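Peer 1: File name model.tsv; file contents TSV, C-alpha atoms; full text below.
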chain	number	residue	atom	x	y	z
A	1	MET	CA	-13.03	17.19	7.08
A	2	GLN	CA	-15.36	15.46	4.58
A	3	GLN	CA	-14.03	17.63	1.77
A	4	LYS	CA	-10.44	16.77	2.65
A	5	LEU	CA	-11.22	13.07	2.93
A	6	ALA	CA	-12.94	13.08	-0.47
A	7	GLN	CA	-9.76	14.52	-1.98
A	8	LEU	CA	-7.76	11.70	-0.42
A	9	GLY	CA	-10.14	9.04	-1.76
A	10	GLY	CA	-8.36	8.49	-5.09
A	11	GLY	CA	-4.92	8.07	-3.52
A	12	ALA	CA	-6.32	5.88	-0.77
A	13	HIS	CA	-8.04	3.71	-3.35
A	14	ALA	CA	-4.81	3.38	-5.36
A	15	LEU	CA	-2.95	2.35	-2.20
A	16	ALA	CA	-5.66	-0.13	-1.17
A	17	THR	CA	-5.73	-1.60	-4.68
A	18	GLN	CA	-2.00	-2.23	-4.51
A	19	ILE	CA	-2.30	-3.92	-1.12
A	20	LEU	CA	-5.44	-5.97	-1.82
A	21	GLY	CA	-4.89	-6.52	-5.53
A	22	ASN	CA	-8.54	-5.88	-6.27
A	23	ALA	CA	-10.23	-2.57	-7.07
A	24	ASP	CA	-13.63	-3.57	-5.63
A	25	ASP	CA	-12.19	-4.76	-2.32
A	26	ALA	CA	-10.09	-1.60	-2.26
A	27	ALA	CA	-13.21	0.57	-2.63
A	28	ASP	CA	-14.79	-1.33	0.30
A	29	ALA	CA	-11.67	-0.77	2.40
A	30	VAL	CA	-11.67	2.97	1.69
A	31	GLN	CA	-15.38	3.23	2.46
A	32	ASP	CA	-14.84	1.35	5.74
A	33	ALA	CA	-12.05	3.77	6.57
A	34	PHE	CA	-14.40	6.70	5.86
A	35	GLU	CA	-16.99	5.17	8.18
A	36	THR	CA	-14.39	4.67	10.91
A	37	VAL	CA	-13.15	8.24	10.63
A	38	LEU	CA	-16.57	9.90	10.30
A	39	GLY	CA	-17.91	7.73	13.14
A	40	SER	CA	-15.22	9.00	15.52
A	41	PRO	CA	-13.64	12.15	14.06
A	42	GLU	CA	-12.02	12.85	17.42
A	43	SER	CA	-9.64	9.95	16.75
A	44	TYR	CA	-7.69	12.28	14.45
A	45	ASP	CA	-5.48	14.67	16.36
A	46	ALA	CA	-4.34	17.47	14.05
A	47	GLY	CA	-1.59	18.30	16.54
A	48	LYS	CA	0.10	14.98	15.84
A	49	GLY	CA	0.50	15.53	12.11
A	50	PRO	CA	-1.27	16.05	8.80
A	51	LEU	CA	-4.47	14.24	7.89
A	52	ARG	CA	-3.16	12.52	4.76
A	53	PRO	CA	-0.57	10.11	6.24
A	54	TRP	CA	-2.89	9.45	9.19
A	55	PHE	CA	-5.79	8.53	6.90
A	56	MET	CA	-3.49	6.38	4.74
A	57	ARG	CA	-2.51	4.50	7.89
A	58	VAL	CA	-6.20	3.90	8.69
A	59	VAL	CA	-6.79	2.62	5.14
A	60	ARG	CA	-3.68	0.43	5.23
A	61	ASN	CA	-4.70	-1.11	8.58
A	62	ARG	CA	-8.16	-1.79	7.18
A	63	CYS	CA	-6.59	-3.51	4.15
A	64	LEU	CA	-4.36	-5.64	6.36
A	65	ASP	CA	-7.44	-6.69	8.38
A	66	MET	CA	-9.17	-7.69	5.16
A	67	LEU	CA	-6.12	-9.63	4.00
A	68	ARG	CA	-6.04	-11.52	7.29
A	69	ARG	CA	-9.69	-12.48	6.85
A	70	ARG	CA	-9.29	-13.43	3.22
A	71	LYS	CA	-9.75	-17.10	2.45
A	72	PRO	CA	-6.94	-18.98	0.71
A	73	GLY	CA	-7.64	-18.94	-2.99
A	74	ASP	CA	-9.03	-15.41	-3.03
A	75	ASP	CA	-6.33	-13.77	-5.02
A	76	ALA	CA	-5.19	-10.52	-6.49
A	77	ALA	CA	-6.59	-11.21	-9.91
A	78	ASP	CA	-7.87	-7.77	-10.62
A	79	LEU	CA	-4.70	-5.75	-10.69
A	80	LEU	CA	-4.48	-5.88	-14.45
A	81	HIS	CA	-8.03	-4.64	-14.73
A	82	ASP	CA	-7.96	-1.56	-16.91
A	83	PRO	CA	-10.51	1.09	-16.10
A	84	ALA	CA	-12.26	2.71	-19.02
A	85	PRO	CA	-10.20	5.67	-20.23
A	86	GLY	CA	-11.47	9.10	-19.32
A	87	PRO	CA	-12.33	11.34	-22.24
A	88	GLU	CA	-9.70	13.85	-21.21
A	89	GLN	CA	-6.87	11.38	-21.27
A	90	SER	CA	-4.90	10.93	-24.41
A	91	LEU	CA	-4.38	7.47	-25.83
A	92	ARG	CA	-0.64	7.68	-25.23
A	93	GLN	CA	-1.09	8.57	-21.57
A	94	GLU	CA	-3.57	5.76	-21.15
A	95	GLN	CA	-1.19	3.29	-22.75
A	96	ARG	CA	1.61	4.44	-20.46
A	97	SER	CA	-0.73	4.12	-17.46
A	98	THR	CA	-1.55	0.58	-18.49
A	99	VAL	CA	2.13	-0.33	-18.77
A	100	ILE	CA	2.88	1.21	-15.36
A	101	ARG	CA	-0.07	-0.57	-13.69
A	102	ARG	CA	0.98	-3.88	-15.22
A	103	ALA	CA	4.60	-3.45	-14.11
A	104	ILE	CA	3.59	-2.44	-10.56
A	105	SER	CA	1.26	-5.42	-10.32
A	106	VAL	CA	4.11	-7.93	-10.59
A	107	LEU	CA	5.98	-6.44	-7.62
A	108	PRO	CA	5.59	-7.76	-4.06
A	109	ALA	CA	2.90	-5.95	-2.05
A	110	GLY	CA	5.43	-4.11	0.14
A	111	GLN	CA	7.13	-2.63	-2.91
A	112	ARG	CA	3.83	-1.74	-4.56
A	113	GLU	CA	2.61	0.24	-1.56
A	114	ILE	CA	5.83	2.19	-1.00
A	115	ILE	CA	5.90	3.21	-4.68
A	116	VAL	CA	2.29	4.38	-4.54
A	117	LEU	CA	2.89	6.30	-1.32
A	118	ARG	CA	5.91	8.14	-2.70
A	119	ASP	CA	5.58	8.40	-6.46
A	120	TYR	CA	1.80	8.51	-6.81
A	121	MET	CA	0.79	10.26	-3.61
A	122	ASP	CA	3.96	12.27	-3.08
A	123	LEU	CA	4.28	11.57	0.64
A	124	SER	CA	7.58	12.54	2.28
A	125	TYR	CA	9.89	9.85	3.66
A	126	ALA	CA	8.88	10.78	7.21
A	127	GLU	CA	5.18	10.43	6.32
A	128	ILE	CA	5.81	7.09	4.59
A	129	ALA	CA	7.64	5.82	7.67
A	130	ASP	CA	4.63	6.87	9.72
A	131	VAL	CA	2.13	5.11	7.44
A	132	LEU	CA	4.16	1.90	7.19
A	133	ALA	CA	5.19	2.00	10.87
A	134	VAL	CA	8.87	1.59	10.01
A	135	ALA	CA	11.99	3.51	10.99
A	136	PRO	CA	12.43	6.64	8.82
A	137	GLY	CA	15.97	5.53	7.98
A	138	THR	CA	14.73	2.43	6.14
A	139	VAL	CA	12.37	4.22	3.75
A	140	MET	CA	15.00	5.33	1.25
A	141	SER	CA	16.57	1.89	0.87
A	142	ARG	CA	13.19	0.14	0.61
A	143	LEU	CA	11.98	2.65	-1.93
A	144	HIS	CA	15.15	2.35	-3.97
A	145	ARG	CA	14.85	-1.43	-4.09
A	146	ALA	CA	11.22	-1.11	-5.13
A	147	ARG	CA	12.11	1.35	-7.88
A	148	LEU	CA	14.85	-0.91	-9.22
A	149	ALA	CA	12.36	-3.79	-9.25
A	150	LEU	CA	9.81	-1.62	-11.07
A	151	LYS	CA	12.42	-0.53	-13.60
A	152	GLU	CA	13.26	-4.17	-14.25
A	153	ALA	CA	9.57	-5.06	-14.59
A	154	LEU	CA	9.10	-2.23	-17.09
A	155	GLU	CA	12.10	-3.40	-19.09
A	156	ILE	CA	10.81	-6.99	-19.17
A	157	ASP	CA	7.37	-5.71	-20.18
A	158	GLY	CA	8.90	-3.63	-22.96
A	159	LYS	CA	10.72	-6.57	-24.53
B	160	MET	CA	42.65	10.49	-11.26
B	161	ALA	CA	42.72	8.38	-8.12
B	162	SER	CA	39.79	10.38	-6.79
B	163	ARG	CA	37.77	9.78	-9.98
B	164	THR	CA	38.38	6.03	-9.76
B	165	LYS	CA	37.28	6.02	-6.13
B	166	ASN	CA	34.07	7.84	-7.03
B	167	ILE	CA	33.20	5.28	-9.69
B	168	ASP	CA	34.02	2.36	-7.41
B	169	GLN	CA	31.62	3.54	-4.74
B	170	HIS	CA	28.23	3.78	-6.45
B	171	VAL	CA	25.78	5.95	-4.63
B	172	GLY	CA	22.94	3.39	-4.78
B	173	GLU	CA	19.90	4.34	-2.74
B	174	LEU	CA	21.09	7.94	-2.49
B	175	LEU	CA	19.91	8.29	-6.09
B	176	SER	CA	16.34	7.78	-4.93
B	177	GLY	CA	16.82	10.24	-2.10
B	178	TYR	CA	18.32	12.68	-4.61
B	179	ILE	CA	15.37	12.67	-7.02
B	180	ASP	CA	12.97	12.91	-4.06
B	181	GLY	CA	14.77	15.90	-2.56
B	182	GLU	CA	15.31	14.02	0.70
B	183	LEU	CA	19.10	14.31	0.97
B	184	THR	CA	21.21	16.65	3.02
B	185	GLN	CA	23.35	19.20	1.20
B	186	GLN	CA	26.41	17.01	1.76
B	187	GLU	CA	24.73	13.91	0.37
B	188	ARG	CA	23.49	15.81	-2.69
B	189	GLN	CA	27.00	16.99	-3.38
B	190	ARG	CA	28.26	13.44	-3.09
B	191	VAL	CA	25.73	12.28	-5.67
B	192	ASP	CA	26.53	15.22	-7.98
B	193	VAL	CA	30.26	14.57	-7.81
B	194	HIS	CA	29.78	10.85	-8.37
B	195	CYS	CA	27.44	11.31	-11.32
B	196	GLU	CA	29.95	13.59	-13.02
B	197	VAL	CA	32.29	10.64	-13.41
B	198	CYS	CA	29.92	7.67	-13.39
B	199	ALA	CA	27.78	7.42	-16.49
B	200	GLU	CA	26.00	4.36	-15.09
B	201	CYS	CA	24.66	6.18	-12.02
B	202	LEU	CA	23.87	9.30	-14.04
B	203	GLU	CA	21.78	7.21	-16.44
B	204	LEU	CA	20.07	5.38	-13.58
B	205	ARG	CA	19.26	8.68	-11.84
B	206	ASP	CA	17.61	10.04	-14.99
B	207	GLU	CA	15.73	6.80	-15.59
B	208	LEU	CA	14.41	6.73	-12.03
B	209	ARG	CA	13.35	10.36	-12.31
B	210	ASP	CA	11.42	9.66	-15.54
B	211	MET	CA	9.86	6.55	-14.05
B	212	ARG	CA	8.79	8.47	-10.98
B	213	ARG	CA	7.10	11.07	-13.16
B	214	ASP	CA	5.35	8.34	-15.16
B	215	VAL	CA	4.03	6.68	-11.99
B	216	GLY	CA	2.82	10.07	-10.73
B	217	ASP	CA	0.98	10.68	-14.00
B	218	ALA	CA	-0.47	7.16	-14.23
B	219	ARG	CA	-4.09	6.53	-13.40
B	220	LEU	CA	-3.96	4.02	-10.56
B	221	SER	CA	-7.51	4.61	-9.34
B	222	GLU	CA	-10.57	4.88	-11.53
B	223	ILE	CA	-12.75	6.41	-8.82
B	224	GLY	CA	-12.86	10.18	-8.91
B	225	GLU	CA	-13.25	12.74	-6.13
B	226	ASP	CA	-16.96	13.29	-6.90
B	227	LYS	CA	-17.69	9.61	-6.39
B	228	TRP	CA	-15.90	9.67	-3.04
B	229	ARG	CA	-17.84	12.75	-1.98
B	230	GLU	CA	-21.04	10.89	-2.84
B	231	THR	CA	-19.88	7.84	-0.89
B	232	MET	CA	-19.04	10.10	2.02
B	233	SER	CA	-22.58	11.50	2.09
B	234	ASP	CA	-23.97	7.96	2.17
B	235	THR	CA	-21.53	7.14	4.95
B	236	THR	CA	-22.60	10.18	6.97
B	237	VAL	CA	-26.24	9.17	6.61
B	238	GLU	CA	-25.41	5.62	7.73
B	239	VAL	CA	-23.38	6.79	10.70
B	240	THR	CA	-26.13	9.22	11.76
B	241	ARG	CA	-28.75	6.52	11.34
B	242	GLY	CA	-26.64	4.11	13.40
B	243	ILE	CA	-26.34	6.66	16.22
B	244	GLY	CA	-30.12	7.27	16.02
B	245	TRP	CA	-30.91	3.58	16.34
B	246	LEU	CA	-28.46	3.23	19.20
B	247	LEU	CA	-30.11	6.07	21.13
B	248	LEU	CA	-33.61	4.77	20.40
B	249	ILE	CA	-32.88	1.20	21.48
B	250	GLY	CA	-30.84	2.37	24.48
B	251	GLY	CA	-33.69	4.64	25.63
B	252	PHE	CA	-36.29	1.93	25.11
B	253	LEU	CA	-34.27	-0.60	27.11
B	254	ALA	CA	-33.77	1.90	29.94
B	255	VAL	CA	-37.51	2.71	30.14
B	256	ALA	CA	-38.49	-0.98	29.86
B	257	GLY	CA	-35.98	-1.89	32.59
B	258	ILE	CA	-37.37	0.73	34.99
B	259	GLY	CA	-40.95	-0.41	34.20
B	260	ILE	CA	-40.13	-4.06	34.84
B	261	TYR	CA	-38.33	-3.21	38.07
B	262	GLU	CA	-41.27	-1.08	39.30
B	263	PHE	CA	-43.70	-3.84	38.35
B	264	LEU	CA	-41.73	-6.53	40.20
B	265	ILE	CA	-41.35	-4.58	43.43
B	266	ASP	CA	-44.98	-3.37	43.50
B	267	PRO	CA	-46.46	-5.05	46.64
B	268	SER	CA	-50.07	-4.48	45.48
B	269	ILE	CA	-49.65	-7.05	42.63
B	270	GLY	CA	-49.70	-10.72	43.46
B	271	TRP	CA	-46.87	-13.12	42.53
B	272	LEU	CA	-49.13	-15.16	40.20
B	273	GLU	CA	-50.10	-12.04	38.22
B	274	LYS	CA	-46.45	-11.01	38.07
B	275	LEU	CA	-45.53	-14.46	36.78
B	276	LEU	CA	-48.24	-14.43	34.07
B	277	VAL	CA	-47.27	-10.96	32.84
B	278	ALA	CA	-43.58	-11.99	32.90
B	279	VAL	CA	-44.38	-15.07	30.76
B	280	ILE	CA	-46.27	-12.95	28.19
B	281	TYR	CA	-43.51	-10.34	27.95
B	282	GLY	CA	-40.87	-13.08	27.94
B	283	GLY	CA	-42.63	-14.56	24.91
B	284	PHE	CA	-42.58	-11.20	23.13
B	285	VAL	CA	-38.87	-10.78	23.82
B	286	ALA	CA	-38.07	-14.31	22.63
B	287	LEU	CA	-40.02	-13.74	19.39
B	288	PHE	CA	-38.35	-10.38	18.84
B	289	ILE	CA	-34.88	-11.86	19.33
B	290	SER	CA	-35.70	-14.75	17.00
B	291	VAL	CA	-36.91	-12.43	14.19
B	292	LEU	CA	-33.99	-10.05	14.70
B	293	ARG	CA	-31.49	-12.91	14.53
B	294	GLN	CA	-33.09	-14.23	11.35
B	295	ARG	CA	-33.00	-10.77	9.77
B	296	LEU	CA	-29.34	-10.30	10.64
B	297	ILE	CA	-28.40	-13.68	9.15
B	298	GLU	CA	-30.34	-12.89	5.95
B	299	ARG	CA	-28.81	-9.43	5.71
B	300	LYS	CA	-25.30	-10.88	5.87
B	301	SER	CA	-25.86	-13.44	3.16
B	302	ASP	CA	-28.22	-11.46	0.91
B	303	LYS	CA	-26.17	-10.59	-2.16
B	304	TYR	CA	-28.99	-8.49	-3.60
B	305	LYS	CA	-29.30	-6.18	-0.59
B	306	ASP	CA	-27.60	-3.28	-2.38
B	307	VAL	CA	-29.65	-3.62	-5.56
B	308	GLU	CA	-31.81	-0.56	-6.08
B	309	ILE	CA	-35.27	-1.26	-7.43
Any chance you could put this one into structure tokens?
Peer 2:
Amino acid sequence: MQQKLAQLGGGAHALATQILGNADDAADAVQDAFETVLGSPESYDAGKGPLRPWFMRVVRNRCLDMLRRRKPGDDAADLLHDPAPGPEQSLRQEQRSTVIRRAISVLPAGQREIIVLRDYMDLSYAEIADVLAVAPGTVMSRLHRARLALKEALEIDGK
Amino acid sequence: MASRTKNIDQHVGELLSGYIDGELTQQERQRVDVHCEVCAECLELRDELRDMRRDVGDARLSEIGEDKWRETMSDTTVEVTRGIGWLLLIGGFLAVAGIGIYEFLIDPSIGWLEKLLVAVIYGGFVALFISVLRQRLIERKSDKYKDVEI
């Protein structure tokens, strides 16, 4: 289970960053989620579905708890923070990543998370509905609106 | 001709997202295909959304790699195990102390004055322990250097 969770860490951190707007808080949220899961591994029932959407739901709930506790004034200032480029990444890719991150950061939190869940983590609509606790029928319309908003943000950024 | 006009009038909207995600039924896919044959606007949007989706998938949205998470996980396992260990130790100690106190109090061979004196001494120990523990917990919460490795 640890191996599988470690593989989910990157995606979970991306999701948490989009919800919390801060990479450090996001890392704390993911670590808390790890502690929760490793502390009571029996809480995951493989018969009820795959680990990935279930773990994303745990991370998302943890983020929402943190947002509730956040004091007014603590804000999502870190979204534009650019991590140091990895040696394997080309400059062009890194530039594109930066543009994408910047465009996503101007979207509302709900749109940011649905884009990360689908386009970054490749979850199915049914899995996204499960993570967000919404009716499966609403995922496509929400996602489409989020994509149109992202497209607009990218166009504004490109001007 | 009338059919082509109808197709353009009714844009397929969110179905475009479902199309590029492979989440449509056969019938819905056909509807999008037929519409995009006559509607350049939707065809362009479909291609743009597909490219954008690929770009988001390729983007680096998290700077923390799998190795780092594996490392964090090991730390977490150690902490969880340590927490369980402490819980068992304290639980066991409290159980033994409780039985000892109970046995001491019901022992008829010990006078009430002796029982009272011993209870005062142990009560003092417990009060001091709780006081130090409370202080430590408060310091631990507010100590911003607690994670600094020396």
Peer 1: Up to 6 Å from chain B, what residues of chain A turn up? Count only C-alpha atoms and give them as a list in words.
Peer 2: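 Result: Ala6, Gln7, Gly9, Gly10, Ala14, Glu35, Pro83, Ser97, Asp119, Tyr120, Ser141 and His144 of chain A.
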Peer 1: CA of Arg52 (chain A) and CA of Leu150 (chain A) are how many Å apart?
Peer 2: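 Value for the CA of Arg52 (chain A)-CA of Leu150 (chain A) distance: 24.9 Å.
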Peer 1: What would the list of residues within 12 Å of (-8.5, -5.5, -3.1) (file frame) look like as a CSV table (one decimal) with C-alpha atoms, in the frame of the given file, if all atoms listed in the file are what count?
Peer 2:
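As a result, part-v2.csv now contains:
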chain,number,residue,atom,x,y,z
A,12,ALA,CA,-6.3,5.9,-0.8
A,13,HIS,CA,-8.0,3.7,-3.4
A,14,ALA,CA,-4.8,3.4,-5.4
A,15,LEU,CA,-3.0,2.4,-2.2
A,16,ALA,CA,-5.7,-0.1,-1.2
A,17,THR,CA,-5.7,-1.6,-4.7
A,18,GLN,CA,-2.0,-2.2,-4.5
A,19,ILE,CA,-2.3,-3.9,-1.1
A,20,LEU,CA,-5.4,-6.0,-1.8
A,21,GLY,CA,-4.9,-6.5,-5.5
A,22,ASN,CA,-8.5,-5.9,-6.3
A,23,ALA,CA,-10.2,-2.6,-7.1
A,24,ASP,CA,-13.6,-3.6,-5.6
A,25,ASP,CA,-12.2,-4.8,-2.3
A,26,ALA,CA,-10.1,-1.6,-2.3
A,27,ALA,CA,-13.2,0.6,-2.6
A,28,ASP,CA,-14.8,-1.3,0.3
A,29,ALA,CA,-11.7,-0.8,2.4
A,30,VAL,CA,-11.7,3.0,1.7
A,59,VAL,CA,-6.8,2.6,5.1
A,60,ARG,CA,-3.7,0.4,5.2
A,62,ARG,CA,-8.2,-1.8,7.2
A,63,CYS,CA,-6.6,-3.5,4.2
A,64,LEU,CA,-4.4,-5.6,6.4
A,65,ASP,CA,-7.4,-6.7,8.4
A,66,MET,CA,-9.2,-7.7,5.2
A,67,LEU,CA,-6.1,-9.6,4.0
A,70,ARG,CA,-9.3,-13.4,3.2
A,74,ASP,CA,-9.0,-15.4,-3.0
A,75,ASP,CA,-6.3,-13.8,-5.0
A,76,ALA,CA,-5.2,-10.5,-6.5
A,77,ALA,CA,-6.6,-11.2,-9.9
A,78,ASP,CA,-7.9,-7.8,-10.6
A,79,LEU,CA,-4.7,-5.8,-10.7
A,81,HIS,CA,-8.0,-4.6,-14.7
A,109,ALA,CA,2.9,-6.0,-2.0
B,221,SER,CA,-7.5,4.6,-9.3
Peer 1: Suppose you want the space between CA of Pro53 (chain A) and CA of Glu127 (chain A); what is it in Å?
Peer 2: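 That distance, rounded to one decimal, is 5.8 Å.
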Peer 1: I'd like to know which of B:Gln186, B:Ala278, B:Arg299, B:Ile249 is closest to Tyr261 (chain B), using all atoms listed in the file.
Peer 2: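 Ranking B:Gln186, B:Ala278, B:Arg299, B:Ile249 by distance to Tyr261 (chain B), first place goes to B:Ala278.
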Peer 1: What does the distance from CA of Glu155 (chain A) to CA of Ala103 (chain A) come to in Å, to one decimal?
Peer 2: 9.0 Å
